[in-house]
$ cat protein.cif   # mmCIF, N, CA and C atoms
data_input
#
loop_
_atom_site.group_PDB
_atom_site.id
_atom_site.type_symbol
_atom_site.label_atom_id
_atom_site.label_comp_id
_atom_site.auth_asym_id
_atom_site.auth_seq_id
_atom_site.Cartn_x
_atom_site.Cartn_y
_atom_site.Cartn_z
ATOM 1 N N MET F 1057 -2.577 -44.784 -33.794
ATOM 2 C CA MET F 1057 -2.763 -44.451 -32.396
ATOM 3 C C MET F 1057 -2.561 -42.947 -32.213
ATOM 4 N N ALA F 1058 -3.483 -42.332 -31.530
ATOM 5 C CA ALA F 1058 -3.433 -40.879 -31.314
ATOM 6 C C ALA F 1058 -2.452 -40.564 -30.187
ATOM 7 N N TYR F 1059 -1.740 -39.472 -30.390
ATOM 8 C CA TYR F 1059 -0.773 -39.032 -29.388
ATOM 9 C C TYR F 1059 -1.369 -37.861 -28.623
ATOM 10 N N SER F 1060 -1.425 -37.975 -27.320
ATOM 11 C CA SER F 1060 -1.989 -36.911 -26.487
ATOM 12 C C SER F 1060 -0.853 -36.194 -25.748
ATOM 13 N N LYS F 1061 -0.895 -34.878 -25.755
ATOM 14 C CA LYS F 1061 0.135 -34.103 -25.062
ATOM 15 C C LYS F 1061 -0.156 -33.978 -23.571
ATOM 16 N N HIS F 1062 -1.358 -34.368 -23.165
ATOM 17 C CA HIS F 1062 -1.732 -34.260 -21.757
ATOM 18 C C HIS F 1062 -1.035 -35.355 -20.948
ATOM 19 N N ARG F 1063 -0.284 -34.941 -19.949
ATOM 20 C CA ARG F 1063 0.427 -35.888 -19.099
ATOM 21 C C ARG F 1063 -0.387 -36.130 -17.830
ATOM 22 N N TYR F 1064 -0.508 -37.372 -17.439
ATOM 23 C CA TYR F 1064 -1.236 -37.705 -16.220
ATOM 24 C C TYR F 1064 -0.487 -37.163 -15.012
ATOM 25 N N LYS F 1065 -1.231 -36.525 -14.096
ATOM 26 C CA LYS F 1065 -0.636 -36.031 -12.852
ATOM 27 C C LYS F 1065 -1.265 -36.789 -11.695
ATOM 28 N N SER F 1066 -0.416 -37.305 -10.845
ATOM 29 C CA SER F 1066 -0.918 -38.038 -9.686
ATOM 30 C C SER F 1066 -1.491 -37.057 -8.666
ATOM 31 N N ARG F 1067 -2.197 -37.595 -7.691
ATOM 32 C CA ARG F 1067 -2.754 -36.745 -6.639
ATOM 33 C C ARG F 1067 -1.647 -36.016 -5.896
ATOM 34 N N HIS F 1068 -0.526 -36.693 -5.697
ATOM 35 C CA HIS F 1068 0.606 -36.081 -4.995
ATOM 36 C C HIS F 1068 1.141 -34.880 -5.777
ATOM 37 N N GLU F 1069 1.293 -35.041 -7.084
ATOM 38 C CA GLU F 1069 1.798 -33.928 -7.909
ATOM 39 C C GLU F 1069 0.818 -32.752 -7.919
ATOM 40 N N ARG F 1070 -0.468 -33.050 -8.015
ATOM 41 C CA ARG F 1070 -1.470 -31.976 -7.996
ATOM 42 C C ARG F 1070 -1.465 -31.274 -6.651
ATOM 43 N N PHE F 1071 -1.330 -32.034 -5.554
ATOM 44 C CA PHE F 1071 -1.285 -31.449 -4.222
ATOM 45 C C PHE F 1071 -0.063 -30.553 -4.065
ATOM 46 N N GLN F 1072 1.086 -31.002 -4.560
ATOM 47 C CA GLN F 1072 2.307 -30.194 -4.474
ATOM 48 C C GLN F 1072 2.151 -28.900 -5.273
ATOM 49 N N GLN F 1073 1.554 -28.980 -6.437
ATOM 50 C CA GLN F 1073 1.357 -27.787 -7.260
ATOM 51 C C GLN F 1073 0.383 -26.821 -6.581
ATOM 52 N N THR F 1074 -0.691 -27.346 -6.009
ATOM 53 C CA THR F 1074 -1.659 -26.500 -5.302
ATOM 54 C C THR F 1074 -1.013 -25.841 -4.098
ATOM 55 N N LYS F 1075 -0.182 -26.601 -3.379
ATOM 56 C CA LYS F 1075 0.499 -26.053 -2.209
ATOM 57 C C LYS F 1075 1.459 -24.934 -2.607
ATOM 58 N N ARG F 1076 2.189 -25.126 -3.702
ATOM 59 C CA ARG F 1076 3.124 -24.111 -4.180
ATOM 60 C C ARG F 1076 2.376 -22.855 -4.623
ATOM 61 N N ASN F 1077 1.279 -23.029 -5.357
ATOM 62 C CA ASN F 1077 0.495 -21.890 -5.810
ATOM 63 C C ASN F 1077 -0.101 -21.122 -4.634
ATOM 64 N N THR F 1078 -0.561 -21.845 -3.619
ATOM 65 C CA THR F 1078 -1.125 -21.203 -2.439
ATOM 66 C C THR F 1078 -0.062 -20.394 -1.710
ATOM 67 N N LYS F 1079 1.146 -20.947 -1.591
ATOM 68 C CA LYS F 1079 2.241 -20.216 -0.949
ATOM 69 C C LYS F 1079 2.560 -18.936 -1.698
ATOM 70 N N MET F 1080 2.555 -19.005 -3.029
ATOM 71 C CA MET F 1080 2.857 -17.819 -3.833
ATOM 72 C C MET F 1080 1.778 -16.753 -3.662
ATOM 73 N N VAL F 1081 0.519 -17.151 -3.630
ATOM 74 C CA VAL F 1081 -0.580 -16.194 -3.443
ATOM 75 C C VAL F 1081 -0.467 -15.534 -2.077
ATOM 76 N N ILE F 1082 -0.194 -16.319 -1.046
ATOM 77 C CA ILE F 1082 -0.055 -15.766 0.304
ATOM 78 C C ILE F 1082 1.138 -14.829 0.374
ATOM 79 N N LEU F 1083 2.243 -15.200 -0.261
ATOM 80 C CA LEU F 1083 3.437 -14.358 -0.263
ATOM 81 C C LEU F 1083 3.156 -13.008 -0.915
ATOM 82 N N PHE F 1084 2.541 -13.018 -2.095
ATOM 83 C CA PHE F 1084 2.253 -11.762 -2.776
ATOM 84 C C PHE F 1084 1.214 -10.939 -2.030
ATOM 85 N N ALA F 1085 0.258 -11.589 -1.366
ATOM 86 C CA ALA F 1085 -0.733 -10.857 -0.565
ATOM 87 C C ALA F 1085 -0.052 -10.172 0.622
ATOM 88 N N CYS F 1086 0.900 -10.847 1.259
ATOM 89 C CA CYS F 1086 1.637 -10.253 2.379
ATOM 90 C C CYS F 1086 2.477 -9.071 1.902
ATOM 91 N N ILE F 1087 3.117 -9.208 0.755
ATOM 92 C CA ILE F 1087 3.916 -8.106 0.214
ATOM 93 C C ILE F 1087 3.013 -6.912 -0.089
ATOM 94 N N ALA F 1088 1.852 -7.155 -0.693
ATOM 95 C CA ALA F 1088 0.915 -6.069 -1.002
ATOM 96 C C ALA F 1088 0.420 -5.406 0.279
ATOM 97 N N LEU F 1089 0.149 -6.206 1.300
ATOM 98 C CA LEU F 1089 -0.300 -5.654 2.583
ATOM 99 C C LEU F 1089 0.775 -4.785 3.216
ATOM 100 N N LEU F 1090 2.024 -5.249 3.178
ATOM 101 C CA LEU F 1090 3.121 -4.448 3.728
ATOM 102 C C LEU F 1090 3.281 -3.131 2.974
ATOM 103 N N ILE F 1091 3.136 -3.157 1.670
ATOM 104 C CA ILE F 1091 3.239 -1.922 0.886
ATOM 105 C C ILE F 1091 2.112 -0.960 1.261
ATOM 106 N N LEU F 1092 0.885 -1.477 1.398
ATOM 107 C CA LEU F 1092 -0.234 -0.615 1.773
ATOM 108 C C LEU F 1092 -0.044 -0.037 3.167
ATOM 109 N N ILE F 1093 0.449 -0.840 4.099
ATOM 110 C CA ILE F 1093 0.709 -0.344 5.454
ATOM 111 C C ILE F 1093 1.780 0.740 5.420
ATOM 112 N N PHE F 1094 2.826 0.527 4.640
ATOM 113 C CA PHE F 1094 3.899 1.519 4.556
ATOM 114 C C PHE F 1094 3.404 2.821 3.929
ATOM 115 N N LYS F 1095 2.577 2.710 2.894
ATOM 116 C CA LYS F 1095 2.085 3.919 2.229
ATOM 117 C C LYS F 1095 1.097 4.690 3.104
ATOM 118 N N ASN F 1096 0.382 4.007 3.994
ATOM 119 C CA ASN F 1096 -0.624 4.654 4.844
ATOM 120 C C ASN F 1096 -0.175 4.750 6.298
ATOM 121 N N ARG F 1097 1.120 4.720 6.536
ATOM 122 C CA ARG F 1097 1.609 4.665 7.913
ATOM 123 C C ARG F 1097 1.235 5.904 8.716
ATOM 124 N N VAL F 1098 1.212 7.080 8.119
ATOM 125 C CA VAL F 1098 0.868 8.296 8.858
ATOM 126 C C VAL F 1098 -0.596 8.244 9.278
ATOM 127 N N TYR F 1099 -1.462 7.869 8.358
ATOM 128 C CA TYR F 1099 -2.884 7.753 8.677
ATOM 129 C C TYR F 1099 -3.112 6.707 9.776
ATOM 130 N N LEU F 1100 -2.469 5.564 9.659
ATOM 131 C CA LEU F 1100 -2.650 4.508 10.658
ATOM 132 C C LEU F 1100 -2.116 4.938 12.018
ATOM 133 N N TRP F 1101 -0.977 5.646 12.041
ATOM 134 C CA TRP F 1101 -0.408 6.102 13.312
ATOM 135 C C TRP F 1101 -1.329 7.128 13.962
ATOM 136 N N ASP F 1102 -1.910 8.042 13.164
ATOM 137 C CA ASP F 1102 -2.864 9.016 13.698
ATOM 138 C C ASP F 1102 -4.102 8.311 14.245
ATOM 139 N N LEU F 1103 -4.559 7.282 13.544
ATOM 140 C CA LEU F 1103 -5.722 6.509 13.991
ATOM 141 C C LEU F 1103 -5.442 5.848 15.347
ATOM 142 N N VAL F 1104 -4.261 5.258 15.489
ATOM 143 C CA VAL F 1104 -3.889 4.596 16.749
ATOM 144 C C VAL F 1104 -3.795 5.617 17.871
ATOM 145 N N ARG F 1105 -3.150 6.761 17.608
ATOM 146 C CA ARG F 1105 -3.010 7.785 18.672
ATOM 147 C C ARG F 1105 -4.368 8.362 19.047
ATOM 148 N N PHE F 1106 -5.269 8.487 18.113
ATOM 149 C CA PHE F 1106 -6.583 9.074 18.396
ATOM 150 C C PHE F 1106 -7.415 8.155 19.287
ATOM 151 N N TYR F 1107 -7.377 6.842 19.022
ATOM 152 C CA TYR F 1107 -8.240 5.915 19.754
ATOM 153 C C TYR F 1107 -7.635 5.404 21.051
ATOM 154 N N PHE F 1108 -6.323 5.575 21.248
ATOM 155 C CA PHE F 1108 -5.723 5.055 22.488
ATOM 156 C C PHE F 1108 -5.091 6.134 23.261
#
$ encode --input "protein.cif" --output "structure tokens"
Amino acid sequence: MAYSKHRYKSRHERFQQTKRNTKMVILFACIALLILIFKNRVYLWDLVRFYF
């Protein structure tokens, strides 16, 4: 009998893993966005003052 290392994952387990991965992607995207906003804060502030 052949031994397979692949473990069956239920729909619930796959959904939980997808949900966790999605949260991590969103978290890192938010962190990257905050860093970009912080690095470009002078430009963004000038843009806001110019248009309003």
$ select_by_dssp --input "protein.cif" --residues "chain F" --states "alpha helix (DSSP H)" --output "number ranges by chain"
F: 1067-1095, 1097-1107
$ write_last_selection --input "protein.cif" --atoms "N, CA and C atoms" --output "CSV table (one decimal), in the frame of the given file"
chain,number,residue,atom,x,y,z
F,1067,ARG,N,-2.2,-37.6,-7.7
F,1067,ARG,CA,-2.8,-36.7,-6.6
F,1067,ARG,C,-1.6,-36.0,-5.9
F,1068,HIS,N,-0.5,-36.7,-5.7
F,1068,HIS,CA,0.6,-36.1,-5.0
F,1068,HIS,C,1.1,-34.9,-5.8
F,1069,GLU,N,1.3,-35.0,-7.1
F,1069,GLU,CA,1.8,-33.9,-7.9
F,1069,GLU,C,0.8,-32.8,-7.9
F,1070,ARG,N,-0.5,-33.0,-8.0
F,1070,ARG,CA,-1.5,-32.0,-8.0
F,1070,ARG,C,-1.5,-31.3,-6.7
F,1071,PHE,N,-1.3,-32.0,-5.6
F,1071,PHE,CA,-1.3,-31.4,-4.2
F,1071,PHE,C,-0.1,-30.6,-4.1
F,1072,GLN,N,1.1,-31.0,-4.6
F,1072,GLN,CA,2.3,-30.2,-4.5
F,1072,GLN,C,2.2,-28.9,-5.3
F,1073,GLN,N,1.6,-29.0,-6.4
F,1073,GLN,CA,1.4,-27.8,-7.3
F,1073,GLN,C,0.4,-26.8,-6.6
F,1074,THR,N,-0.7,-27.3,-6.0
F,1074,THR,CA,-1.7,-26.5,-5.3
F,1074,THR,C,-1.0,-25.8,-4.1
F,1075,LYS,N,-0.2,-26.6,-3.4
F,1075,LYS,CA,0.5,-26.1,-2.2
F,1075,LYS,C,1.5,-24.9,-2.6
F,1076,ARG,N,2.2,-25.1,-3.7
F,1076,ARG,CA,3.1,-24.1,-4.2
F,1076,ARG,C,2.4,-22.9,-4.6
F,1077,ASN,N,1.3,-23.0,-5.4
F,1077,ASN,CA,0.5,-21.9,-5.8
F,1077,ASN,C,-0.1,-21.1,-4.6
F,1078,THR,N,-0.6,-21.8,-3.6
F,1078,THR,CA,-1.1,-21.2,-2.4
F,1078,THR,C,-0.1,-20.4,-1.7
F,1079,LYS,N,1.1,-20.9,-1.6
F,1079,LYS,CA,2.2,-20.2,-0.9
F,1079,LYS,C,2.6,-18.9,-1.7
F,1080,MET,N,2.6,-19.0,-3.0
F,1080,MET,CA,2.9,-17.8,-3.8
F,1080,MET,C,1.8,-16.8,-3.7
F,1081,VAL,N,0.5,-17.2,-3.6
F,1081,VAL,CA,-0.6,-16.2,-3.4
F,1081,VAL,C,-0.5,-15.5,-2.1
F,1082,ILE,N,-0.2,-16.3,-1.0
F,1082,ILE,CA,-0.1,-15.8,0.3
F,1082,ILE,C,1.1,-14.8,0.4
F,1083,LEU,N,2.2,-15.2,-0.3
F,1083,LEU,CA,3.4,-14.4,-0.3
F,1083,LEU,C,3.2,-13.0,-0.9
F,1084,PHE,N,2.5,-13.0,-2.1
F,1084,PHE,CA,2.3,-11.8,-2.8
F,1084,PHE,C,1.2,-10.9,-2.0
F,1085,ALA,N,0.3,-11.6,-1.4
F,1085,ALA,CA,-0.7,-10.9,-0.6
F,1085,ALA,C,-0.1,-10.2,0.6
F,1086,CYS,N,0.9,-10.8,1.3
F,1086,CYS,CA,1.6,-10.3,2.4
F,1086,CYS,C,2.5,-9.1,1.9
F,1087,ILE,N,3.1,-9.2,0.8
F,1087,ILE,CA,3.9,-8.1,0.2
F,1087,ILE,C,3.0,-6.9,-0.1
F,1088,ALA,N,1.9,-7.2,-0.7
F,1088,ALA,CA,0.9,-6.1,-1.0
F,1088,ALA,C,0.4,-5.4,0.3
F,1089,LEU,N,0.1,-6.2,1.3
F,1089,LEU,CA,-0.3,-5.7,2.6
F,1089,LEU,C,0.8,-4.8,3.2
F,1090,LEU,N,2.0,-5.2,3.2
F,1090,LEU,CA,3.1,-4.4,3.7
F,1090,LEU,C,3.3,-3.1,3.0
F,1091,ILE,N,3.1,-3.2,1.7
F,1091,ILE,CA,3.2,-1.9,0.9
F,1091,ILE,C,2.1,-1.0,1.3
F,1092,LEU,N,0.9,-1.5,1.4
F,1092,LEU,CA,-0.2,-0.6,1.8
F,1092,LEU,C,0.0,0.0,3.2
F,1093,ILE,N,0.4,-0.8,4.1
F,1093,ILE,CA,0.7,-0.3,5.5
F,1093,ILE,C,1.8,0.7,5.4
F,1094,PHE,N,2.8,0.5,4.6
F,1094,PHE,CA,3.9,1.5,4.6
F,1094,PHE,C,3.4,2.8,3.9
F,1095,LYS,N,2.6,2.7,2.9
F,1095,LYS,CA,2.1,3.9,2.2
F,1095,LYS,C,1.1,4.7,3.1
F,1097,ARG,N,1.1,4.7,6.5
F,1097,ARG,CA,1.6,4.7,7.9
F,1097,ARG,C,1.2,5.9,8.7
F,1098,VAL,N,1.2,7.1,8.1
F,1098,VAL,CA,0.9,8.3,8.9
F,1098,VAL,C,-0.6,8.2,9.3
F,1099,TYR,N,-1.5,7.9,8.4
F,1099,TYR,CA,-2.9,7.8,8.7
F,1099,TYR,C,-3.1,6.7,9.8
F,1100,LEU,N,-2.5,5.6,9.7
F,1100,LEU,CA,-2.6,4.5,10.7
F,1100,LEU,C,-2.1,4.9,12.0
F,1101,TRP,N,-1.0,5.6,12.0
F,1101,TRP,CA,-0.4,6.1,13.3
F,1101,TRP,C,-1.3,7.1,14.0
F,1102,ASP,N,-1.9,8.0,13.2
F,1102,ASP,CA,-2.9,9.0,13.7
F,1102,ASP,C,-4.1,8.3,14.2
F,1103,LEU,N,-4.6,7.3,13.5
F,1103,LEU,CA,-5.7,6.5,14.0
F,1103,LEU,C,-5.4,5.8,15.3
F,1104,VAL,N,-4.3,5.3,15.5
F,1104,VAL,CA,-3.9,4.6,16.7
F,1104,VAL,C,-3.8,5.6,17.9
F,1105,ARG,N,-3.2,6.8,17.6
F,1105,ARG,CA,-3.0,7.8,18.7
F,1105,ARG,C,-4.4,8.4,19.0
F,1106,PHE,N,-5.3,8.5,18.1
F,1106,PHE,CA,-6.6,9.1,18.4
F,1106,PHE,C,-7.4,8.2,19.3
F,1107,TYR,N,-7.4,6.8,19.0
F,1107,TYR,CA,-8.2,5.9,19.8
F,1107,TYR,C,-7.6,5.4,21.1
$ atom_distance --input "protein.cif" --atom1 "atom N of Arg1105 of chain F" --atom2 "atom CA of Ile1093 of chain F"
14.6 Å
$ atom_distance --input "protein.cif" --atom1 "atom N of Lys1065 of chain F" --atom2 "atom N of Ile1082 of chain F"
24.1 Å
$ axis_aligned_box --input "protein.cif" --around "segment 1099-1103 of chain F" --padding-each-side "5 Å" --output "AutoDock Vina command-line options"
--center_x -3.1 --center_y 6.8 --center_z 11.9 --size_x 15.3 --size_y 14.5 --size_z 17.0
$ decode --input "protein.cif" --residues "chain F" --atoms "C-alpha atoms" --output "PDB file, in the first residue's frame"
ATOM      1  CA  MET F1057       0.000   0.000   0.000  1.00  0.00           C
ATOM      2  CA  ALA F1058       1.381   3.383  -1.012  1.00  0.00           C
ATOM      3  CA  TYR F1059       1.772   6.050   1.620  1.00  0.00           C
ATOM      4  CA  SER F1060       0.766   9.561   0.596  1.00  0.00           C
ATOM      5  CA  LYS F1061       2.027  12.610   2.479  1.00  0.00           C
ATOM      6  CA  HIS F1062      -0.897  14.689   1.228  1.00  0.00           C
ATOM      7  CA  ARG F1063      -3.405  15.250   4.017  1.00  0.00           C
ATOM      8  CA  TYR F1064      -7.049  15.809   3.145  1.00  0.00           C
ATOM      9  CA  LYS F1065      -8.279  19.302   4.035  1.00  0.00           C
ATOM     10  CA  SER F1066     -11.947  19.912   4.585  1.00  0.00           C
ATOM     11  CA  ARG F1067     -13.735  22.903   3.103  1.00  0.00           C
ATOM     12  CA  HIS F1068     -13.749  24.500   6.550  1.00  0.00           C
ATOM     13  CA  GLU F1069      -9.966  24.168   6.906  1.00  0.00           C
ATOM     14  CA  ARG F1070      -9.367  25.558   3.413  1.00  0.00           C
ATOM     15  CA  PHE F1071     -11.729  28.466   4.137  1.00  0.00           C
ATOM     16  CA  GLN F1072      -9.928  29.242   7.408  1.00  0.00           C
ATOM     17  CA  GLN F1073      -6.553  29.180   5.659  1.00  0.00           C
ATOM     18  CA  THR F1074      -7.816  31.438   2.850  1.00  0.00           C
ATOM     19  CA  LYS F1075      -9.294  33.836   5.397  1.00  0.00           C
ATOM     20  CA  ARG F1076      -6.013  33.978   7.337  1.00  0.00           C
ATOM     21  CA  ASN F1077      -3.974  34.543   4.171  1.00  0.00           C
ATOM     22  CA  THR F1078      -6.343  37.297   3.045  1.00  0.00           C
ATOM     23  CA  LYS F1079      -6.034  39.033   6.424  1.00  0.00           C
ATOM     24  CA  MET F1080      -2.243  38.902   6.188  1.00  0.00           C
ATOM     25  CA  VAL F1081      -2.241  40.365   2.657  1.00  0.00           C
ATOM     26  CA  ILE F1082      -4.572  43.182   3.723  1.00  0.00           C
ATOM     27  CA  LEU F1083      -2.466  43.863   6.822  1.00  0.00           C
ATOM     28  CA  PHE F1084       0.782  44.122   4.862  1.00  0.00           C
ATOM     29  CA  ALA F1085      -0.906  46.263   2.180  1.00  0.00           C
ATOM     30  CA  CYS F1086      -2.126  48.680   4.886  1.00  0.00           C
ATOM     31  CA  ILE F1087       1.351  48.845   6.426  1.00  0.00           C
ATOM     32  CA  ALA F1088       2.886  49.548   2.994  1.00  0.00           C
ATOM     33  CA  LEU F1089       0.276  52.242   2.339  1.00  0.00           C
ATOM     34  CA  LEU F1090       0.990  53.912   5.681  1.00  0.00           C
ATOM     35  CA  ILE F1091       4.723  53.904   4.947  1.00  0.00           C
ATOM     36  CA  LEU F1092       4.149  55.461   1.511  1.00  0.00           C
ATOM     37  CA  ILE F1093       1.858  58.117   2.997  1.00  0.00           C
ATOM     38  CA  PHE F1094       4.433  58.917   5.679  1.00  0.00           C
ATOM     39  CA  LYS F1095       7.277  59.153   3.164  1.00  0.00           C
ATOM     40  CA  ASN F1096       5.247  61.436   0.845  1.00  0.00           C
ATOM     41  CA  ARG F1097       3.520  63.493   3.527  1.00  0.00           C
ATOM     42  CA  VAL F1098       5.023  66.830   2.414  1.00  0.00           C
ATOM     43  CA  TYR F1099       3.963  66.295  -1.191  1.00  0.00           C
ATOM     44  CA  LEU F1100       0.470  65.195  -0.147  1.00  0.00           C
ATOM     45  CA  TRP F1101       0.075  68.156   2.237  1.00  0.00           C
ATOM     46  CA  ASP F1102       1.135  70.581  -0.532  1.00  0.00           C
ATOM     47  CA  LEU F1103      -1.343  68.900  -2.892  1.00  0.00           C
ATOM     48  CA  VAL F1104      -4.181  69.315  -0.362  1.00  0.00           C
ATOM     49  CA  ARG F1105      -3.314  72.976   0.332  1.00  0.00           C
ATOM     50  CA  PHE F1106      -3.076  73.745  -3.390  1.00  0.00           C
ATOM     51  CA  TYR F1107      -6.483  72.289  -4.305  1.00  0.00           C
ATOM     52  CA  PHE F1108      -8.468  73.475  -1.271  1.00  0.00           C
TER      53      PHE F1108
END
